[in-house]
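Colleague: Take a look at input-v6.pdb, PDB, C-alpha atoms:
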MODEL        1
ATOM      1  CA  MET A   1      64.596  21.164  29.375
ATOM      2  CA  ARG A   2      66.835  24.077  28.480
ATOM      3  CA  ILE A   3      67.017  27.431  30.280
ATOM      4  CA  SER A   4      69.202  30.186  28.857
ATOM      5  CA  VAL A   5      69.741  33.648  30.345
ATOM      6  CA  GLN A   6      71.838  35.611  27.901
ATOM      7  CA  SER A   7      72.658  39.078  26.618
ATOM      8  CA  ALA A   8      73.208  37.881  23.041
ATOM      9  CA  PRO A   9      70.329  37.865  20.537
ATOM     10  CA  PHE A  10      68.798  34.507  19.628
ATOM     11  CA  ASP A  11      67.593  33.227  16.281
ATOM     12  CA  LEU A  12      63.912  32.388  16.713
ATOM     13  CA  GLY A  13      63.724  30.228  13.586
ATOM     14  CA  HIS A  14      66.816  28.267  14.507
ATOM     15  CA  GLU A  15      65.723  27.788  18.125
ATOM     16  CA  ALA A  16      62.195  26.687  17.131
ATOM     17  CA  GLN A  17      63.561  24.296  14.501
ATOM     18  CA  GLN A  18      66.106  22.787  16.865
ATOM     19  CA  PHE A  19      63.483  22.434  19.598
ATOM     20  CA  ALA A  20      61.015  20.704  17.255
ATOM     21  CA  GLU A  21      63.578  18.210  15.973
ATOM     22  CA  GLY A  22      63.890  14.953  17.842
ATOM     23  CA  HIS A  23      60.383  15.112  19.276
ATOM     24  CA  SER A  24      58.685  12.707  16.894
ATOM     25  CA  THR A  25      56.195  11.547  19.538
ATOM     26  CA  MET A  26      55.190  15.125  20.305
ATOM     27  CA  GLY A  27      52.290  16.219  18.113
ATOM     28  CA  ALA A  28      52.303  19.833  19.303
ATOM     29  CA  ILE A  29      55.009  22.475  19.564
ATOM     30  CA  VAL A  30      54.016  25.904  20.893
ATOM     31  CA  THR A  31      56.389  28.871  20.861
ATOM     32  CA  PHE A  32      55.869  32.343  22.281
ATOM     33  CA  THR A  33      58.220  35.262  21.653
ATOM     34  CA  GLY A  34      58.314  38.601  23.455
ATOM     35  CA  VAL A  35      59.459  41.641  21.473
ATOM     36  CA  VAL A  36      60.500  45.103  22.718
ATOM     37  CA  ARG A  37      57.641  47.349  21.661
ATOM     38  CA  ASP A  38      57.359  51.083  21.480
ATOM     39  CA  THR A  39      54.073  52.062  23.140
ATOM     40  CA  GLY A  40      54.718  55.091  25.319
ATOM     41  CA  ASP A  41      54.046  58.740  24.504
ATOM     42  CA  ASP A  42      57.763  59.329  24.186
ATOM     43  CA  ALA A  43      59.537  57.246  21.577
ATOM     44  CA  LEU A  44      61.324  54.341  23.199
ATOM     45  CA  VAL A  45      65.049  54.422  22.547
ATOM     46  CA  ALA A  46      65.932  51.229  24.400
ATOM     47  CA  MET A  47      64.827  48.752  27.014
ATOM     48  CA  GLU A  48      67.434  47.896  29.653
ATOM     49  CA  ILE A  49      66.924  44.615  31.458
ATOM     50  CA  GLU A  50      68.638  43.934  34.759
ATOM     51  CA  HIS A  51      68.603  40.505  36.397
ATOM     52  CA  TYR A  52      69.874  38.595  39.414
ATOM     53  CA  PRO A  53      72.545  36.177  38.129
ATOM     54  CA  GLY A  54      72.169  32.799  39.792
ATOM     55  CA  MET A  55      68.668  33.332  41.111
ATOM     56  CA  THR A  56      67.348  34.022  37.604
ATOM     57  CA  GLU A  57      68.437  30.617  36.290
ATOM     58  CA  ALA A  58      67.165  28.893  39.458
ATOM     59  CA  ALA A  59      63.781  30.658  39.302
ATOM     60  CA  LEU A  60      63.291  29.869  35.595
ATOM     61  CA  THR A  61      64.249  26.227  36.171
ATOM     62  CA  LYS A  62      61.764  25.982  39.030
ATOM     63  CA  ILE A  63      58.974  27.504  36.910
ATOM     64  CA  ALA A  64      59.755  25.145  34.001
ATOM     65  CA  GLU A  65      59.839  22.138  36.362
ATOM     66  CA  GLU A  66      56.481  23.143  37.834
ATOM     67  CA  ALA A  67      55.009  23.422  34.312
ATOM     68  CA  SER A  68      56.399  19.961  33.486
ATOM     69  CA  SER A  69      54.743  18.490  36.560
ATOM     70  CA  ARG A  70      51.355  20.095  35.830
ATOM     71  CA  TRP A  71      51.145  19.248  32.143
ATOM     72  CA  SER A  72      52.304  16.321  30.084
ATOM     73  CA  LEU A  73      55.284  17.873  28.328
ATOM     74  CA  GLY A  74      58.009  16.302  26.246
ATOM     75  CA  ASP A  75      60.308  19.300  26.553
ATOM     76  CA  VAL A  76      60.514  22.938  27.639
ATOM     77  CA  LEU A  77      62.744  25.770  26.420
ATOM     78  CA  VAL A  78      63.081  29.208  28.028
ATOM     79  CA  ILE A  79      65.417  31.896  26.650
ATOM     80  CA  HIS A  80      65.458  35.316  28.321
ATOM     81  CA  ARG A  81      67.798  38.160  27.446
ATOM     82  CA  HIS A  82      69.224  40.906  29.637
ATOM     83  CA  GLY A  83      71.133  44.098  28.885
ATOM     84  CA  ARG A  84      70.219  46.875  26.476
ATOM     85  CA  LEU A  85      67.703  46.057  23.742
ATOM     86  CA  VAL A  86      66.161  48.323  21.100
ATOM     87  CA  PRO A  87      62.525  48.288  19.841
ATOM     88  CA  GLY A  88      61.890  45.329  17.563
ATOM     89  CA  GLU A  89      64.452  43.096  19.267
ATOM     90  CA  MET A  90      63.292  39.819  20.743
ATOM     91  CA  ILE A  91      63.519  39.775  24.555
ATOM     92  CA  MET A  92      62.576  36.214  25.308
ATOM     93  CA  MET A  93      60.955  33.048  24.063
ATOM     94  CA  VAL A  94      59.385  29.943  25.512
ATOM     95  CA  ALA A  95      58.681  26.697  23.687
ATOM     96  CA  THR A  96      56.745  23.675  24.882
ATOM     97  CA  ALA A  97      56.298  20.256  23.303
ATOM     98  CA  SER A  98      53.477  17.861  24.120
ATOM     99  CA  ARG A  99      51.531  15.027  22.541
ATOM    100  CA  HIS A 100      48.443  17.220  22.131
ATOM    101  CA  ARG A 101      48.152  20.974  21.750
ATOM    102  CA  LYS A 102      46.171  21.754  24.908
ATOM    103  CA  ASP A 103      49.065  20.875  27.213
ATOM    104  CA  ALA A 104      51.578  22.799  25.106
ATOM    105  CA  PHE A 105      49.403  25.949  24.917
ATOM    106  CA  GLU A 106      48.467  25.962  28.600
ATOM    107  CA  ALA A 107      52.008  25.265  29.776
ATOM    108  CA  ALA A 108      53.351  28.074  27.562
ATOM    109  CA  GLU A 109      50.829  30.498  29.089
ATOM    110  CA  TYR A 110      51.719  29.339  32.576
ATOM    111  CA  LEU A 111      55.430  29.861  31.862
ATOM    112  CA  MET A 112      54.757  33.371  30.578
ATOM    113  CA  ASP A 113      52.546  34.322  33.518
ATOM    114  CA  TYR A 114      55.112  33.135  36.045
ATOM    115  CA  LEU A 115      58.223  34.479  34.435
ATOM    116  CA  LYS A 116      56.644  37.928  34.222
ATOM    117  CA  SER A 117      56.398  38.313  37.993
ATOM    118  CA  ARG A 118      58.418  35.489  39.586
ATOM    119  CA  ALA A 119      61.690  35.579  37.671
ATOM    120  CA  PRO A 120      64.104  38.301  38.872
ATOM    121  CA  PHE A 121      64.203  40.619  35.858
ATOM    122  CA  TRP A 122      63.630  44.376  35.957
ATOM    123  CA  LYS A 123      62.934  46.469  32.879
ATOM    124  CA  ARG A 124      63.912  50.095  32.444
ATOM    125  CA  GLU A 125      62.572  52.153  29.549
ATOM    126  CA  VAL A 126      64.939  54.670  28.006
ATOM    127  CA  THR A 127      63.440  57.566  26.017
ATOM    128  CA  ALA A 128      64.899  60.843  24.770
ATOM    129  CA  GLN A 129      63.472  62.416  27.974
ATOM    130  CA  GLY A 130      65.308  60.062  30.333
ATOM    131  CA  SER A 131      64.754  56.620  31.733
ATOM    132  CA  GLU A 132      62.282  55.018  34.076
ATOM    133  CA  TRP A 133      61.844  51.617  35.739
ATOM    134  CA  VAL A 134      58.805  49.765  34.447
ATOM    135  CA  ALA A 135      56.300  49.270  37.274
ATOM    136  CA  ALA A 136      54.841  45.812  37.827
ATOM    137  CA  ARG A 137      51.167  45.679  36.895
ATOM    138  CA  ASP A 138      48.416  44.349  39.159
ATOM    139  CA  GLU A 139      47.129  42.302  36.209
ATOM    140  CA  ASP A 140      50.409  40.381  36.114
ATOM    141  CA  GLU A 141      50.004  39.377  39.757
ATOM    142  CA  GLU A 142      46.300  38.555  39.248
ATOM    143  CA  ALA A 143      47.195  36.392  36.241
ATOM    144  CA  LEU A 144      48.819  33.896  38.628
ATOM    145  CA  GLU A 145      45.545  33.299  40.466
ATOM    146  CA  ARG A 146      44.042  31.230  37.672
ATOM    147  CA  TRP A 147      46.777  28.607  38.060
TER
ATOM    148  CA  MET B 148      76.254  38.116  55.070
ATOM    149  CA  ASN B 149      76.042  39.461  51.528
ATOM    150  CA  VAL B 150      73.244  41.936  50.867
ATOM    151  CA  LEU B 151      72.301  42.659  47.244
ATOM    152  CA  TYR B 152      70.162  45.420  45.780
ATOM    153  CA  PHE B 153      68.551  45.544  42.366
ATOM    154  CA  ALA B 154      66.824  48.083  40.084
ATOM    155  CA  TRP B 155      65.688  51.287  41.867
ATOM    156  CA  VAL B 156      66.608  49.872  45.279
ATOM    157  CA  ARG B 157      70.211  49.611  44.055
ATOM    158  CA  GLU B 158      70.054  53.164  42.691
ATOM    159  CA  ARG B 159      68.573  54.605  45.883
ATOM    160  CA  ILE B 160      71.108  52.910  48.132
ATOM    161  CA  GLY B 161      73.910  53.620  45.684
ATOM    162  CA  ILE B 162      75.650  50.228  45.633
ATOM    163  CA  PRO B 163      74.778  46.851  44.072
ATOM    164  CA  ARG B 164      76.013  44.727  46.994
ATOM    165  CA  GLU B 165      77.796  44.814  50.318
ATOM    166  CA  SER B 166      79.033  42.451  52.952
ATOM    167  CA  ILE B 167      77.715  43.165  56.435
ATOM    168  CA  GLU B 168      77.983  41.844  59.977
ATOM    169  CA  THR B 169      74.563  41.616  61.549
ATOM    170  CA  THR B 170      72.793  40.124  64.538
ATOM    171  CA  ALA B 171      69.376  40.519  62.898
ATOM    172  CA  SER B 172      67.342  37.337  63.236
ATOM    173  CA  THR B 173      64.742  38.163  60.570
ATOM    174  CA  VAL B 174      64.616  40.133  57.313
ATOM    175  CA  ASN B 175      62.487  42.779  59.065
ATOM    176  CA  GLU B 176      65.182  43.234  61.712
ATOM    177  CA  LEU B 177      67.826  43.573  59.012
ATOM    178  CA  VAL B 178      65.706  46.231  57.280
ATOM    179  CA  ALA B 179      65.358  48.140  60.574
ATOM    180  CA  GLU B 180      69.091  47.872  61.191
ATOM    181  CA  LEU B 181      70.014  49.149  57.714
ATOM    182  CA  SER B 182      67.369  51.913  57.834
ATOM    183  CA  ALA B 183      68.820  53.199  61.109
ATOM    184  CA  LYS B 184      72.280  53.329  59.567
ATOM    185  CA  GLU B 185      71.824  55.995  56.902
ATOM    186  CA  GLU B 186      69.110  58.048  55.258
ATOM    187  CA  ARG B 187      69.594  56.430  51.836
ATOM    188  CA  TYR B 188      68.650  53.048  53.352
ATOM    189  CA  ALA B 189      65.672  54.528  55.198
ATOM    190  CA  ALA B 190      64.503  56.037  51.878
ATOM    191  CA  ALA B 191      64.860  52.745  50.002
ATOM    192  CA  PHE B 192      63.090  50.756  52.741
ATOM    193  CA  ALA B 193      60.387  53.364  53.516
ATOM    194  CA  ASP B 194      57.647  51.133  52.102
ATOM    195  CA  THR B 195      58.573  47.461  52.277
ATOM    196  CA  GLY B 196      55.145  46.670  50.817
ATOM    197  CA  ALA B 197      56.584  47.938  47.520
ATOM    198  CA  LEU B 198      59.607  45.639  47.833
ATOM    199  CA  ARG B 199      60.362  41.959  47.455
ATOM    200  CA  VAL B 200      63.043  39.973  49.241
ATOM    201  CA  ALA B 201      64.975  36.827  48.370
ATOM    202  CA  VAL B 202      66.943  34.858  50.947
ATOM    203  CA  ASP B 203      69.661  32.618  49.501
ATOM    204  CA  GLN B 204      68.104  33.259  46.084
ATOM    205  CA  GLU B 205      64.583  32.135  47.029
ATOM    206  CA  LEU B 206      61.681  34.570  47.192
ATOM    207  CA  THR B 207      60.389  34.837  50.724
ATOM    208  CA  SER B 208      58.627  37.190  53.141
ATOM    209  CA  PHE B 209      59.996  39.937  55.363
ATOM    210  CA  ASP B 210      59.443  37.866  58.506
ATOM    211  CA  ALA B 211      61.735  35.100  57.193
ATOM    212  CA  PRO B 212      64.499  34.015  59.625
ATOM    213  CA  LEU B 213      68.134  34.757  58.810
ATOM    214  CA  ALA B 214      69.899  32.004  60.762
ATOM    215  CA  GLY B 215      72.594  30.451  58.570
ATOM    216  CA  VAL B 216      71.721  32.671  55.619
ATOM    217  CA  ARG B 217      74.526  33.780  53.278
ATOM    218  CA  GLU B 218      72.744  36.108  50.892
ATOM    219  CA  VAL B 219      69.778  38.479  51.115
ATOM    220  CA  ALA B 220      68.534  40.492  48.139
ATOM    221  CA  PHE B 221      66.088  43.403  48.040
ATOM    222  CA  PHE B 222      64.347  44.547  44.869
ATOM    223  CA  PRO B 223      61.079  45.932  43.466
ATOM    224  CA  PRO B 224      58.375  43.620  42.050
ATOM    225  CA  MET B 225      59.801  41.810  39.045
ATOM    226  CA  THR B 226      59.007  42.743  35.457
ATOM    227  CA  GLY B 227      60.197  39.881  33.271
ATOM    228  CA  GLY B 228      58.729  38.524  30.057
TER
ENDMDL
END
Go through the file and emit its structure as structure tokens.

Modeller:
Amino acid sequence: MRISVQSAPFDLGHEAQQFAEGHSTMGAIVTFTGVVRDTGDDALVAMEIEHYPGMTEAALTKIAEEASSRWSLGDVLVIHRHGRLVPGEMIMMVATASRHRKDAFEAAEYLMDYLKSRAPFWKREVTAQGSEWVAARDEDEEALERW
Amino acid sequence: MNVLYFAWVRERIGIPRESIETTASTVNELVAELSAKEERYAAAFADTGALRVAVDQELTSFDAPLAGVREVAFFPPMTGG
């Protein structure tokens, strides 16, 4: 298991390749990547991500450990960035390895659902008009109920 | 005890962290104590239903006890991913 909270960009191809190597008994590797997207009425200039150093790593580790106990996983990777990111930049990625794809897909979804509302990150959207904290959505909280 | 604030809670209170002496036995009592101190705290804590709290870096509820606690953090619902 590897958890990385970092301001630096990551290389998706390199991370996915490195994660897949050395898992010859794992038939399935799932990766998910989150990208800063420009969806608002005002053009997004940047996304600023604040986090709680210490608790962030602990919360992500706990979520990854819970996923590993619920599904049969060979390995888990979580990378989440903080700081100022511009549209098109990758914010985060998760990767899961399992013998069969169902475990890897479900665990990746579980990781995403939990790290959206249980890992201490806060997003702030910066536009030409100013900046605003992104409000948590009810759907994100409801998404946890299925687990 | 160290008290930390994040996102708009930090902005409303005006500082990211502070060290305080308190006799509060629960998070709710700490909130009441801080709110009574200055208007900026009262404004930040006006609706605790819109806030989350972590005690020693673990998410918990506002009725959580504070005995032996070193760090309390207040922040809005998280928006990771």

Colleague: By how many Å are CA of Arg81 in chain A and CA of Phe10 in chain A apart?

Modeller: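 According to the coordinates, CA of Arg81 in chain A and CA of Phe10 in chain A are separated by 8.7 Å.
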
Colleague: What are the residues of chain A lining chain B at 9 Å or less? Count only C-alpha atoms, and put the answer as a PyMOL selection string.

Modeller: chain A and resi 34+49-52+54-56+58-59+80+91-93+112-124+133-137+140

Colleague: At what distance in Å, to one decimal, does CA of Ala191 in chain B lie from CA of Arg157 in chain B?

Modeller: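 Interatomic distance, CA of Arg157 in chain B to CA of Ala191 in chain B: 8.6 Å.
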
Colleague: Just checking: using only C-alpha atoms, which residue out of A:Ser24, A:Gln17, A:Ser131, A:Ser69 ends up closest to Asp103 in chain A?

Modeller: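 Among A:Ser24, A:Gln17, A:Ser131, A:Ser69, it is A:Ser69 that comes nearest to Asp103 in chain A.
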
Colleague: Do a neighbour search on Thr96 in chain A at 8 Å with all atoms listed in the file, toss out local chain neighbours closer than 3 positions, and write the hits as an NGL selection string.

Modeller: :A and (29-31 or 73-77 or 104-105 or 107-108)

Colleague: Specify as a VMD selection string each residue included when the PyMOL selection byres ((chain B and resi 161-169) around 12) is applied to this file.

Modeller: (chain A and resid 50 to 52) or (chain B and resid 148 to 160 170 to 174 176 to 181 184 to 188 190 to 191 213 to 222)

Colleague: Which value, in Å to one decimal, gives the distance between CA of Phe192 in chain B and CA of Val126 in chain A?

Modeller: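 Between CA of Phe192 in chain B and CA of Val126 in chain A the gap is 25.1 Å.
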
Colleague: Quick one: residues within 12 Å of Ser72 in chain A, only C-alpha atoms counted, chain neighbours fewer than 5 positions away excluded, as a PDB file with C-alpha atoms, in the coordinates of the input?

Modeller:
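Dumped everything to around_4.pdb:
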ATOM      1  CA  MET A  26      55.190  15.125  20.305  1.00  0.00           C
ATOM      2  CA  GLY A  27      52.290  16.219  18.113  1.00  0.00           C
ATOM      3  CA  ALA A  28      52.303  19.833  19.303  1.00  0.00           C
ATOM      4  CA  GLU A  65      59.839  22.138  36.362  1.00  0.00           C
ATOM      5  CA  GLU A  66      56.481  23.143  37.834  1.00  0.00           C
ATOM      6  CA  ALA A  67      55.009  23.422  34.312  1.00  0.00           C
ATOM      7  CA  THR A  96      56.745  23.675  24.882  1.00  0.00           C
ATOM      8  CA  ALA A  97      56.298  20.256  23.303  1.00  0.00           C
ATOM      9  CA  SER A  98      53.477  17.861  24.120  1.00  0.00           C
ATOM     10  CA  ARG A  99      51.531  15.027  22.541  1.00  0.00           C
ATOM     11  CA  HIS A 100      48.443  17.220  22.131  1.00  0.00           C
ATOM     12  CA  ARG A 101      48.152  20.974  21.750  1.00  0.00           C
ATOM     13  CA  LYS A 102      46.171  21.754  24.908  1.00  0.00           C
ATOM     14  CA  ASP A 103      49.065  20.875  27.213  1.00  0.00           C
ATOM     15  CA  ALA A 104      51.578  22.799  25.106  1.00  0.00           C
ATOM     16  CA  PHE A 105      49.403  25.949  24.917  1.00  0.00           C
ATOM     17  CA  GLU A 106      48.467  25.962  28.600  1.00  0.00           C
ATOM     18  CA  ALA A 107      52.008  25.265  29.776  1.00  0.00           C
TER      19      ALA A 107
END

Colleague: Tell me which residues the PyMOL selection byres ((chain A and resi 37) around 8) grabs here, as a list in words.

Modeller: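 Evaluating the PyMOL selection byres ((chain A and resi 37) around 8) on these coordinates yields Val35, Val36, Asp38, Thr39, Pro87 and Gly88 of chain A.
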
Colleague: Could you please take those selected residues and save C-alpha atoms as a PDB file, keeping the file's coordinate frame?

Modeller:
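Wrote it out as result09.pdb, contents follow:
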ATOM      1  CA  VAL A  35      59.459  41.641  21.473  1.00  0.00           C
ATOM      2  CA  VAL A  36      60.500  45.103  22.718  1.00  0.00           C
ATOM      3  CA  ASP A  38      57.359  51.083  21.480  1.00  0.00           C
ATOM      4  CA  THR A  39      54.073  52.062  23.140  1.00  0.00           C
ATOM      5  CA  PRO A  87      62.525  48.288  19.841  1.00  0.00           C
ATOM      6  CA  GLY A  88      61.890  45.329  17.563  1.00  0.00           C
TER       7      GLY A  88
END

Colleague: For range 167-174 of chain B, take all atoms listed in the file, fit an axis-aligned box around them, add 5 Å to each of the six sides, then output centre and edge lengths in Å rounded to one decimal, as lines of an AutoDock Vina configuration file.

Modeller:
center_x = 71.3
center_y = 40.3
center_z = 60.5
size_x = 23.4
size_y = 15.8
size_z = 18.1
